[in-house]
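work.txt (compact mmCIF, C-alpha atoms and all ligand atoms) appears below.
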```
# COMPACT_ATOMS: atom_id res chain seq x y z
CA MET C 1 104.02 107.16 105.09
CA ARG C 2 104.96 105.12 102.00
CA PRO C 3 102.48 105.27 99.14
CA LEU C 4 100.53 102.05 98.63
CA LEU C 5 100.10 100.35 95.26
CA ALA C 6 97.40 97.72 95.67
CA ALA C 7 96.96 95.32 92.75
CA ASN C 8 93.37 94.19 92.28
CA TRP C 9 93.72 91.20 89.98
CA LYS C 10 89.92 90.73 89.85
CA MET C 11 89.04 87.30 88.35
CA ASN C 12 92.51 86.97 86.79
CA PRO C 13 94.77 85.38 85.73
CA PRO C 14 92.92 82.26 84.60
CA THR C 15 95.49 79.69 85.77
CA LEU C 16 97.51 79.12 88.91
CA ASP C 17 100.75 78.98 86.92
CA GLN C 18 100.07 82.43 85.51
CA ALA C 19 99.21 83.80 88.95
CA VAL C 20 102.45 82.48 90.43
CA GLU C 21 104.44 83.77 87.47
CA LEU C 22 102.94 87.24 87.82
CA ALA C 23 103.73 87.33 91.53
CA LEU C 24 107.26 86.05 90.88
CA ARG C 25 107.90 88.76 88.29
CA VAL C 26 106.57 91.63 90.41
CA ALA C 27 108.12 90.51 93.71
CA PRO C 28 111.77 91.45 93.07
CA VAL C 29 110.80 94.94 91.90
CA ALA C 30 108.50 95.45 94.88
CA ARG C 31 111.22 94.14 97.18
CA ARG C 32 113.81 96.58 95.81
CA ALA C 33 111.36 99.49 96.19
CA ARG C 34 109.94 98.53 99.56
CA ALA C 35 111.58 101.36 101.51
CA ARG C 36 109.67 103.81 99.33
CA VAL C 37 106.53 102.01 98.16
CA GLU C 38 104.20 99.56 99.86
CA VAL C 39 102.90 96.93 97.44
CA ALA C 40 99.99 94.55 98.00
CA LEU C 41 98.79 91.86 95.58
CA LEU C 42 95.10 90.92 95.73
CA PRO C 43 94.50 87.74 93.73
CA PRO C 44 91.34 85.61 93.55
CA PHE C 45 90.66 83.59 96.72
CA VAL C 46 91.93 80.33 95.24
CA TRP C 47 95.35 81.78 94.36
CA LEU C 48 95.87 83.44 97.76
CA GLU C 49 97.84 80.63 99.35
CA SER C 50 100.17 80.19 96.39
CA VAL C 51 100.75 83.91 95.90
CA ALA C 52 101.41 84.34 99.61
CA GLY C 53 103.82 81.40 99.35
CA VAL C 54 105.76 83.14 96.58
CA LEU C 55 105.96 86.32 98.64
CA ARG C 56 106.63 84.68 102.00
CA ASP C 57 109.06 86.55 104.25
CA ASP C 58 108.68 89.56 102.02
CA GLU C 59 107.24 92.86 103.01
CA ILE C 60 104.83 92.59 100.10
CA GLY C 61 101.23 92.44 101.22
CA VAL C 62 98.61 89.96 100.09
CA GLY C 63 94.88 90.51 100.14
CA ALA C 64 91.46 89.28 99.07
CA GLN C 65 88.94 91.14 96.95
CA ASP C 66 85.87 90.53 99.09
CA CYS C 67 84.66 88.77 102.22
CA HIS C 68 81.46 87.72 103.94
CA TRP C 69 80.46 89.34 107.21
CA GLU C 70 79.56 86.17 109.13
CA ARG C 71 82.33 83.99 110.55
CA SER C 72 80.79 80.84 109.09
CA GLY C 73 77.39 79.47 108.13
CA ALA C 74 75.07 78.49 105.33
CA TYR C 75 76.28 80.97 102.71
CA THR C 76 77.11 78.83 99.72
CA GLY C 77 80.06 80.10 97.73
CA GLU C 78 81.14 82.69 100.27
CA VAL C 79 84.40 83.15 102.19
CA SER C 80 84.41 84.88 105.55
CA ALA C 81 86.79 87.57 106.73
CA ALA C 82 87.67 85.31 109.64
CA MET C 83 88.72 82.57 107.20
CA LEU C 84 90.91 85.00 105.30
CA SER C 85 92.79 86.24 108.32
CA GLY C 86 95.30 83.39 108.29
CA TRP C 87 96.12 83.90 104.63
CA CYS C 88 96.40 87.59 103.98
CA GLN C 89 96.55 91.05 105.52
CA TRP C 90 94.19 93.02 103.27
CA VAL C 91 90.63 92.80 102.01
CA ILE C 92 88.75 95.00 99.55
CA CYS C 93 85.20 95.91 100.56
CA GLY C 94 82.58 97.60 98.41
CA HIS C 95 84.31 97.46 95.03
CA SER C 96 81.96 98.96 92.43
CA GLU C 97 81.92 95.65 90.54
CA ARG C 98 80.54 94.00 93.69
CA ARG C 99 78.04 96.80 94.21
CA GLY C 100 77.04 96.84 90.53
CA TYR C 101 77.09 93.21 89.35
CA PHE C 102 76.23 91.53 92.65
CA GLY C 103 73.90 94.10 94.15
CA GLU C 104 75.91 94.76 97.30
CA THR C 105 74.19 97.37 99.41
CA ASP C 106 75.76 100.04 101.61
CA GLU C 107 74.59 98.06 104.62
CA GLN C 108 76.30 94.89 103.43
CA VAL C 109 79.48 96.80 102.66
CA ALA C 110 79.42 98.22 106.19
CA ARG C 111 79.08 94.71 107.64
CA LYS C 112 81.96 93.49 105.51
CA VAL C 113 84.18 96.35 106.66
CA ARG C 114 83.33 95.57 110.29
CA ALA C 115 84.00 91.86 109.75
CA GLY C 116 87.32 92.55 108.03
CA LEU C 117 88.47 94.74 110.89
CA ASP C 118 87.26 92.27 113.52
CA ALA C 119 89.25 89.56 111.75
CA GLY C 120 92.39 91.69 112.06
CA LEU C 121 92.59 92.60 108.37
CA ASN C 122 93.35 95.96 106.82
CA VAL C 123 90.41 97.10 104.73
CA ILE C 124 90.44 98.87 101.39
CA LEU C 125 86.99 100.46 101.17
CA CYS C 126 86.00 101.51 97.64
CA VAL C 127 83.72 104.47 97.04
CA GLY C 128 82.93 106.38 93.87
CA GLU C 129 80.21 107.81 91.68
CA ARG C 130 78.74 106.40 88.48
CA GLU C 131 78.95 108.40 85.27
CA GLU C 132 75.41 109.75 85.42
CA GLU C 133 76.00 110.85 89.01
CA MET C 134 79.19 112.65 88.00
CA VAL C 135 77.38 114.39 85.13
CA ALA C 136 74.58 115.41 87.51
CA GLY C 137 77.14 116.99 89.86
CA ARG C 138 76.42 114.40 92.57
CA THR C 139 79.97 113.12 93.15
CA GLU C 140 80.30 114.67 96.60
CA ALA C 141 76.87 113.51 97.71
CA VAL C 142 77.43 109.92 96.56
CA VAL C 143 80.89 109.60 98.05
CA THR C 144 79.84 111.22 101.32
CA HIS C 145 76.89 108.85 101.60
CA GLN C 146 78.93 105.70 100.83
CA LEU C 147 81.64 106.70 103.29
CA GLY C 148 79.22 107.51 106.09
CA ALA C 149 77.32 104.26 105.58
CA ALA C 150 80.48 102.17 105.79
CA LEU C 151 82.66 103.98 108.30
CA GLU C 152 80.77 106.21 110.67
CA GLY C 153 81.26 105.03 114.22
CA LEU C 154 84.37 102.93 113.58
CA ALA C 155 86.59 105.46 115.38
CA ALA C 156 89.57 103.58 116.80
CA ASP C 157 89.62 101.08 113.93
CA LEU C 158 89.87 103.72 111.23
CA GLY C 159 93.66 103.38 111.32
CA ARG C 160 93.27 100.04 109.52
CA VAL C 161 91.00 101.40 106.81
CA VAL C 162 92.28 102.77 103.51
CA VAL C 163 89.67 104.43 101.30
CA ALA C 164 90.00 104.05 97.54
CA TYR C 165 88.23 106.76 95.56
CA GLU C 166 87.27 105.01 92.35
CA PRO C 167 84.97 106.86 89.96
CA VAL C 168 83.00 103.99 88.42
CA TRP C 169 83.21 105.51 84.94
CA ALA C 170 87.01 105.45 85.15
CA ILE C 171 87.35 101.75 86.03
CA GLY C 172 88.63 99.63 83.18
CA THR C 173 87.70 102.26 80.60
CA GLY C 174 91.02 103.98 79.97
CA ARG C 175 89.33 107.26 81.02
CA ASN C 176 91.25 108.05 84.18
CA ALA C 177 89.89 110.97 86.20
CA ASP C 178 91.51 114.37 85.95
CA PRO C 179 94.01 114.32 88.85
CA GLU C 180 93.00 117.74 90.10
CA ARG C 181 89.31 116.83 90.25
CA ALA C 182 90.06 113.46 91.81
CA GLY C 183 92.31 115.26 94.29
CA ALA C 184 89.43 117.50 95.37
CA THR C 185 87.26 114.46 96.08
CA MET C 186 90.10 112.71 97.89
CA ALA C 187 90.56 115.83 100.02
CA LEU C 188 86.88 115.66 100.98
CA ILE C 189 87.23 111.99 101.91
CA ARG C 190 90.31 112.79 103.95
CA GLN C 191 88.48 115.53 105.78
CA MET C 192 85.65 113.16 106.66
CA LEU C 193 88.09 110.56 107.97
CA VAL C 194 89.83 113.16 110.09
CA GLY C 195 86.43 114.28 111.40
CA TRP C 196 85.76 110.72 112.57
CA GLY C 197 89.09 110.60 114.37
CA ALA C 198 91.50 109.05 111.85
CA GLU C 199 95.01 110.16 112.69
CA GLU C 200 96.74 109.31 109.45
CA PRO C 201 93.98 108.87 106.86
CA ARG C 202 95.01 107.11 103.68
CA VAL C 203 93.08 107.78 100.51
CA LEU C 204 93.94 106.05 97.23
CA TYR C 205 92.88 106.82 93.69
CA GLY C 206 91.68 104.02 91.40
CA GLY C 207 90.42 104.02 87.82
CA SER C 208 92.53 103.30 84.72
CA VAL C 209 95.80 103.92 86.52
CA ASN C 210 98.81 102.87 84.45
CA ALA C 211 102.58 103.30 84.52
CA GLY C 212 102.25 106.58 82.65
CA ASN C 213 99.76 108.32 84.93
CA ALA C 214 100.25 106.81 88.43
CA THR C 215 102.60 109.56 89.56
CA ASP C 216 100.04 112.21 88.54
CA TYR C 217 97.96 110.90 91.45
CA VAL C 218 100.59 109.78 93.90
CA GLY C 219 102.28 113.16 93.48
CA LEU C 220 99.20 114.83 95.00
CA SER C 221 99.62 115.48 98.71
CA VAL C 222 96.15 114.05 99.43
CA CYS C 223 96.82 110.80 97.58
CA ALA C 224 98.34 107.90 99.53
CA GLY C 225 98.65 105.59 96.52
CA CYS C 226 96.56 103.77 93.94
CA LEU C 227 94.27 100.78 93.59
CA VAL C 228 95.23 99.30 90.24
CA GLY C 229 93.20 96.85 88.20
CA GLY C 230 94.10 96.05 84.59
CA ALA C 231 97.63 97.44 84.67
CA SER C 232 98.52 95.26 87.67
CA LEU C 233 98.10 92.15 85.51
CA LYS C 234 100.95 93.21 83.23
CA ALA C 235 104.14 92.44 85.13
CA GLU C 236 106.29 94.88 83.20
CA GLU C 237 103.82 97.75 83.40
CA PHE C 238 103.12 97.26 87.10
CA SER C 239 106.85 97.00 87.80
CA THR C 240 107.49 100.26 85.95
CA MET C 241 104.69 101.84 87.98
CA ILE C 242 106.31 100.69 91.23
CA GLU C 243 109.67 102.10 90.13
CA ARG C 244 108.21 105.44 89.08
CA VAL C 245 106.25 105.83 92.29
CA ALA C 246 109.37 104.89 94.25
CA GLU C 247 111.23 107.69 92.49
CA LEU C 248 108.69 110.14 93.92
CA GLY C 249 109.86 109.08 97.33
CA GLY C 250 108.21 107.45 100.30
CA ASP C 251 108.01 110.86 101.80
CA GLY C 252 107.36 112.37 105.13
CA ASP C 253 105.54 115.38 103.70
CA ARG C 254 102.46 113.56 102.42
CA ALA C 255 99.37 115.25 103.84
C1 LIG J 301 89.81 98.46 89.99
O1 LIG J 301 89.36 97.40 89.63
O2 LIG J 301 89.77 98.77 91.19
C2 LIG J 301 90.40 99.35 89.00
C3 LIG J 301 90.76 100.53 89.38
O3 LIG J 301 90.51 98.85 87.73
P1 LIG J 301 91.31 99.53 86.52
O4 LIG J 301 92.66 99.96 87.03
O5 LIG J 301 91.42 98.47 85.48
O6 LIG J 301 90.52 100.71 86.05
```

So that I can check it, write out the structure of this file as structure tokens.
Ligand code: PEP
Amino acid sequence: MRPLLAANWKMNPPTLDQAVELALRVAPVARRARARVEVALLPPFVWLESVAGVLRDDEIGVGAQDCHWERSGAYTGEVSAAMLSGWCQWVICGHSERRGYFGETDEQVARKVRAGLDAGLNVILCVGEREEEMVAGRTEAVVTHQLGAALEGLAADLGRVVVAYEPVWAIGTGRNADPERAGATMALIRQMLVGWGAEEPRVLYGGSVNAGNATDYVGLSVCAGCLVGGASLKAEEFSTMIERVAELGGDGDRA
């Protein structure tokens, strides 16, 4: 399966013109590499239509960064998974910034995952430990708990779930996780997914990935790609990342 590079733009860029320009600059590179790398751009809700318009007819994915679990209702400011389904193919659920800044609980994340799948979207579920949990040796326990809360019982739908292992302390800090250690946690996640019946589990790494270190992760047999934040906002850097990952090969020997 081709490795996936998913670009989480977060609340960026600040203007529509900049969003369109970024998509326009990345698109040709992603298009050239598409036999070997799958690319998805995940802009803020309000730029989704325009970014999808730029990429139309391309094999470049588009996604949202969050969704609400109800189809519609009195939830001021929210956007439902069902509403997103006409505009994009992907949705992120449970990003640590949502869990941390907006108090999203495991139960809410689970409902969002279910809603995303019911709406026909592919879900990128984020899991990962905070720094104090890593220091206390609780990485496995935290990740196992978050995964179980969000995915247990999904069975047949697991094929449309990609799990992103994102140590919280590595996000936006420039302190990317040691690939070997991250690989061990990704292997554990993979094993859990297989245990629940996933046939081709996909586990990404996220946390200060850049053009210089992406292949350290994607080169691991357990790693199916990366969720990229800051570096995905720099067209040149993200393009270089796509090219370098493409050079690794969209291989058939990925675990
Ligand atoms: C993210 O937001 O998912 C992320 C991994 O951010 P960054 O690449 O900036 O660490």

### Message
So that I can see what lies close to stretch 14-31 of chain C, please list as a PyMOL selection string the residues with an atom at most 9 Å from it, counting all atoms listed in the file and leaving out residues fewer than 5 positions away in the same chain.
### Response
chain C and resi 37-39+41+43+46-47+50-52+54-55+58-60+233-236+238-240+242-243

### atom CA of C:Ser80 to atom CA of C:His95, distance in Å rounded to a single decimal
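It comes out at 16.4 Å.
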
### Residue with smallest distance to C:Thr144 - pool C:Arg56, C:Arg99, C:Arg190, C:Arg32, counting all atoms listed in the file
C:Arg190

Proximity of chain C to ligand LIG 301 (chain J): per-residue shortest pair, 12 Å limit, all atoms listed in the file, as CSV:
```
residue,atom,partner,partner_atom,distance
C:Leu5,CA,J:LIG301,C3,11.0
C:Ala6,CA,J:LIG301,O2,8.9
C:Ala7,CA,J:LIG301,O2,8.1
C:Asn8,CA,J:LIG301,O1,5.8
C:Trp9,CA,J:LIG301,O1,7.6
C:Lys10,CA,J:LIG301,O1,6.7
C:Met11,CA,J:LIG301,O1,10.2
C:Asn12,CA,J:LIG301,O1,11.3
C:Leu42,CA,J:LIG301,O2,10.5
C:Pro43,CA,J:LIG301,O1,11.7
C:Gln65,CA,J:LIG301,O2,9.6
C:Ile92,CA,J:LIG301,O2,9.2
C:Cys93,CA,J:LIG301,O2,10.8
C:Gly94,CA,J:LIG301,O2,10.3
C:His95,CA,J:LIG301,O2,6.8
C:Ser96,CA,J:LIG301,O2,7.9
C:Glu97,CA,J:LIG301,O1,7.7
C:Arg98,CA,J:LIG301,O1,10.3
C:Ile124,CA,J:LIG301,O2,10.2
C:Leu125,CA,J:LIG301,O2,10.5
C:Cys126,CA,J:LIG301,O2,8.0
C:Val127,CA,J:LIG301,O2,10.2
C:Gly128,CA,J:LIG301,O2,10.6
C:Val163,CA,J:LIG301,O2,11.6
C:Ala164,CA,J:LIG301,O2,8.3
C:Tyr165,CA,J:LIG301,C3,9.1
C:Glu166,CA,J:LIG301,C3,6.4
C:Pro167,CA,J:LIG301,C3,8.6
C:Val168,CA,J:LIG301,O6,8.5
C:Trp169,CA,J:LIG301,O6,8.8
C:Ala170,CA,J:LIG301,O6,6.0
C:Ile171,CA,J:LIG301,O6,3.3
C:Gly172,CA,J:LIG301,O6,3.6
C:Thr173,CA,J:LIG301,O6,6.3
C:Gly174,CA,J:LIG301,O6,6.9
C:Arg175,CA,J:LIG301,O6,8.3
C:Asn176,CA,J:LIG301,O6,7.6
C:Ala177,CA,J:LIG301,O6,10.3
C:Leu204,CA,J:LIG301,C3,10.1
C:Tyr205,CA,J:LIG301,C3,7.9
C:Gly206,CA,J:LIG301,C3,4.1
C:Gly207,CA,J:LIG301,O6,3.8
C:Ser208,CA,J:LIG301,O6,3.5
C:Val209,CA,J:LIG301,O4,5.1
C:Asn210,CA,J:LIG301,O4,7.3
C:Ala211,CA,J:LIG301,O4,10.8
C:Asn213,CA,J:LIG301,O4,11.2
C:Ala214,CA,J:LIG301,O4,10.3
C:Gly225,CA,J:LIG301,C3,11.8
C:Cys226,CA,J:LIG301,C3,8.1
C:Leu227,CA,J:LIG301,O2,5.5
C:Val228,CA,J:LIG301,O4,4.2
C:Gly229,CA,J:LIG301,O4,3.4
C:Gly230,CA,J:LIG301,O5,3.7
C:Ala231,CA,J:LIG301,O4,6.1
C:Ser232,CA,J:LIG301,O4,7.5
C:Leu233,CA,J:LIG301,O5,9.2
C:Lys234,CA,J:LIG301,O5,11.1
C:Glu237,CA,J:LIG301,O4,11.9
C:Phe238,CA,J:LIG301,O4,10.8
```

Write out the residues from the selection above, keeping C-alpha atoms, as a CSV table (one decimal), in the coordinates of the input.
```
chain,number,residue,atom,x,y,z
C,5,LEU,CA,100.1,100.4,95.3
C,6,ALA,CA,97.4,97.7,95.7
C,7,ALA,CA,97.0,95.3,92.8
C,8,ASN,CA,93.4,94.2,92.3
C,9,TRP,CA,93.7,91.2,90.0
C,10,LYS,CA,89.9,90.7,89.8
C,11,MET,CA,89.0,87.3,88.4
C,12,ASN,CA,92.5,87.0,86.8
C,42,LEU,CA,95.1,90.9,95.7
C,43,PRO,CA,94.5,87.7,93.7
C,65,GLN,CA,88.9,91.1,97.0
C,92,ILE,CA,88.8,95.0,99.6
C,93,CYS,CA,85.2,95.9,100.6
C,94,GLY,CA,82.6,97.6,98.4
C,95,HIS,CA,84.3,97.5,95.0
C,96,SER,CA,82.0,99.0,92.4
C,97,GLU,CA,81.9,95.6,90.5
C,98,ARG,CA,80.5,94.0,93.7
C,124,ILE,CA,90.4,98.9,101.4
C,125,LEU,CA,87.0,100.5,101.2
C,126,CYS,CA,86.0,101.5,97.6
C,127,VAL,CA,83.7,104.5,97.0
C,128,GLY,CA,82.9,106.4,93.9
C,163,VAL,CA,89.7,104.4,101.3
C,164,ALA,CA,90.0,104.0,97.5
C,165,TYR,CA,88.2,106.8,95.6
C,166,GLU,CA,87.3,105.0,92.4
C,167,PRO,CA,85.0,106.9,90.0
C,168,VAL,CA,83.0,104.0,88.4
C,169,TRP,CA,83.2,105.5,84.9
C,170,ALA,CA,87.0,105.4,85.2
C,171,ILE,CA,87.4,101.8,86.0
C,172,GLY,CA,88.6,99.6,83.2
C,173,THR,CA,87.7,102.3,80.6
C,174,GLY,CA,91.0,104.0,80.0
C,175,ARG,CA,89.3,107.3,81.0
C,176,ASN,CA,91.2,108.0,84.2
C,177,ALA,CA,89.9,111.0,86.2
C,204,LEU,CA,93.9,106.0,97.2
C,205,TYR,CA,92.9,106.8,93.7
C,206,GLY,CA,91.7,104.0,91.4
C,207,GLY,CA,90.4,104.0,87.8
C,208,SER,CA,92.5,103.3,84.7
C,209,VAL,CA,95.8,103.9,86.5
C,210,ASN,CA,98.8,102.9,84.4
C,211,ALA,CA,102.6,103.3,84.5
C,213,ASN,CA,99.8,108.3,84.9
C,214,ALA,CA,100.2,106.8,88.4
C,225,GLY,CA,98.6,105.6,96.5
C,226,CYS,CA,96.6,103.8,93.9
C,227,LEU,CA,94.3,100.8,93.6
C,228,VAL,CA,95.2,99.3,90.2
C,229,GLY,CA,93.2,96.8,88.2
C,230,GLY,CA,94.1,96.0,84.6
C,231,ALA,CA,97.6,97.4,84.7
C,232,SER,CA,98.5,95.3,87.7
C,233,LEU,CA,98.1,92.2,85.5
C,234,LYS,CA,101.0,93.2,83.2
C,237,GLU,CA,103.8,97.8,83.4
C,238,PHE,CA,103.1,97.3,87.1
```

### Query
For the atom pair atom CA of C:Val161 and atom CA of C:Phe45, what is the interatomic distance in Å to one decimal place?
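Calculated distance between atom CA of C:Val161 and atom CA of C:Phe45 is 20.5 Å.
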
## Note on the structure
Among C:Arg130, C:Gly53, C:Val91, C:Pro3, C:Ala33 is approached most closely, using only C-alpha atoms, by C:Pro3

### Message
Nearest residue to C:Thr215 out of C:Ala246, C:Ala110, C:Ala149, C:Ala198, using all atoms listed in the file?
### Response
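Checking each candidate against C:Thr215, we get C:Ala246 as the closest.
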
### Query
Between atom CA of C:Cys223 and atom CA of C:Glu140, what is the distance, to one decimal in Å?
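One can read the atom CA of C:Cys223 to atom CA of C:Glu140 distance as 17.0 Å.
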
### Message
With distances taken over all atoms listed in the file, which residue among C:Met241, C:Ala141, C:Leu220, C:Leu121 lies nearest C:Cys88?
### Response
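Nearest candidate to C:Cys88 out of C:Met241, C:Ala141, C:Leu220, C:Leu121: C:Leu121.
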
Box along x, y and z, 5 Å on every side, all listed atoms of stretch 82-96 of chain C inside: centre and edge lengths in Å to one decimal, as JSON.
```
{"center_x": 89.3, "center_y": 90.8, "center_z": 101.0, "size_x": 24.6, "size_y": 26.4, "size_z": 27.2}
```

Determine, counting all atoms listed in the file, which protein, DNA and RNA residues have an atom within 9 Å of an atom of C:Ala224; residues of the same chain fewer than 5 positions away are not included. Present the result as a tab-separated table (two decimals) with C-alpha atoms, in the frame of the given file.
```tsv
chain	number	residue	atom	x	y	z
C	1	MET	CA	104.02	107.16	105.09
C	2	ARG	CA	104.96	105.12	102.00
C	3	PRO	CA	102.48	105.27	99.14
C	4	LEU	CA	100.53	102.05	98.63
C	5	LEU	CA	100.10	100.35	95.26
C	162	VAL	CA	92.28	102.77	103.51
C	201	PRO	CA	93.98	108.87	106.86
C	202	ARG	CA	95.01	107.11	103.68
C	203	VAL	CA	93.08	107.78	100.51
C	204	LEU	CA	93.94	106.05	97.23
C	205	TYR	CA	92.88	106.82	93.69
C	217	TYR	CA	97.96	110.90	91.45
C	218	VAL	CA	100.59	109.78	93.90
C	219	GLY	CA	102.28	113.16	93.48
C	254	ARG	CA	102.46	113.56	102.42
C	255	ALA	CA	99.37	115.25	103.84
```

### Query
Closest to C:His68 among C:Ala187, C:Leu147, C:Ala81, C:Val135, using all atoms listed in the file?
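Checking each of C:Ala187, C:Leu147, C:Ala81, C:Val135 against C:His68, counting all atoms listed in the file, the winner is C:Ala81.
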
### Message
Taking all atoms listed in the file into account, name the residue in C:Gln108, C:Asn122, C:Thr76, C:Ser221 that is nearest to C:Leu158.
### Response
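Counting all atoms listed in the file, the residue closest to C:Leu158 is C:Asn122.
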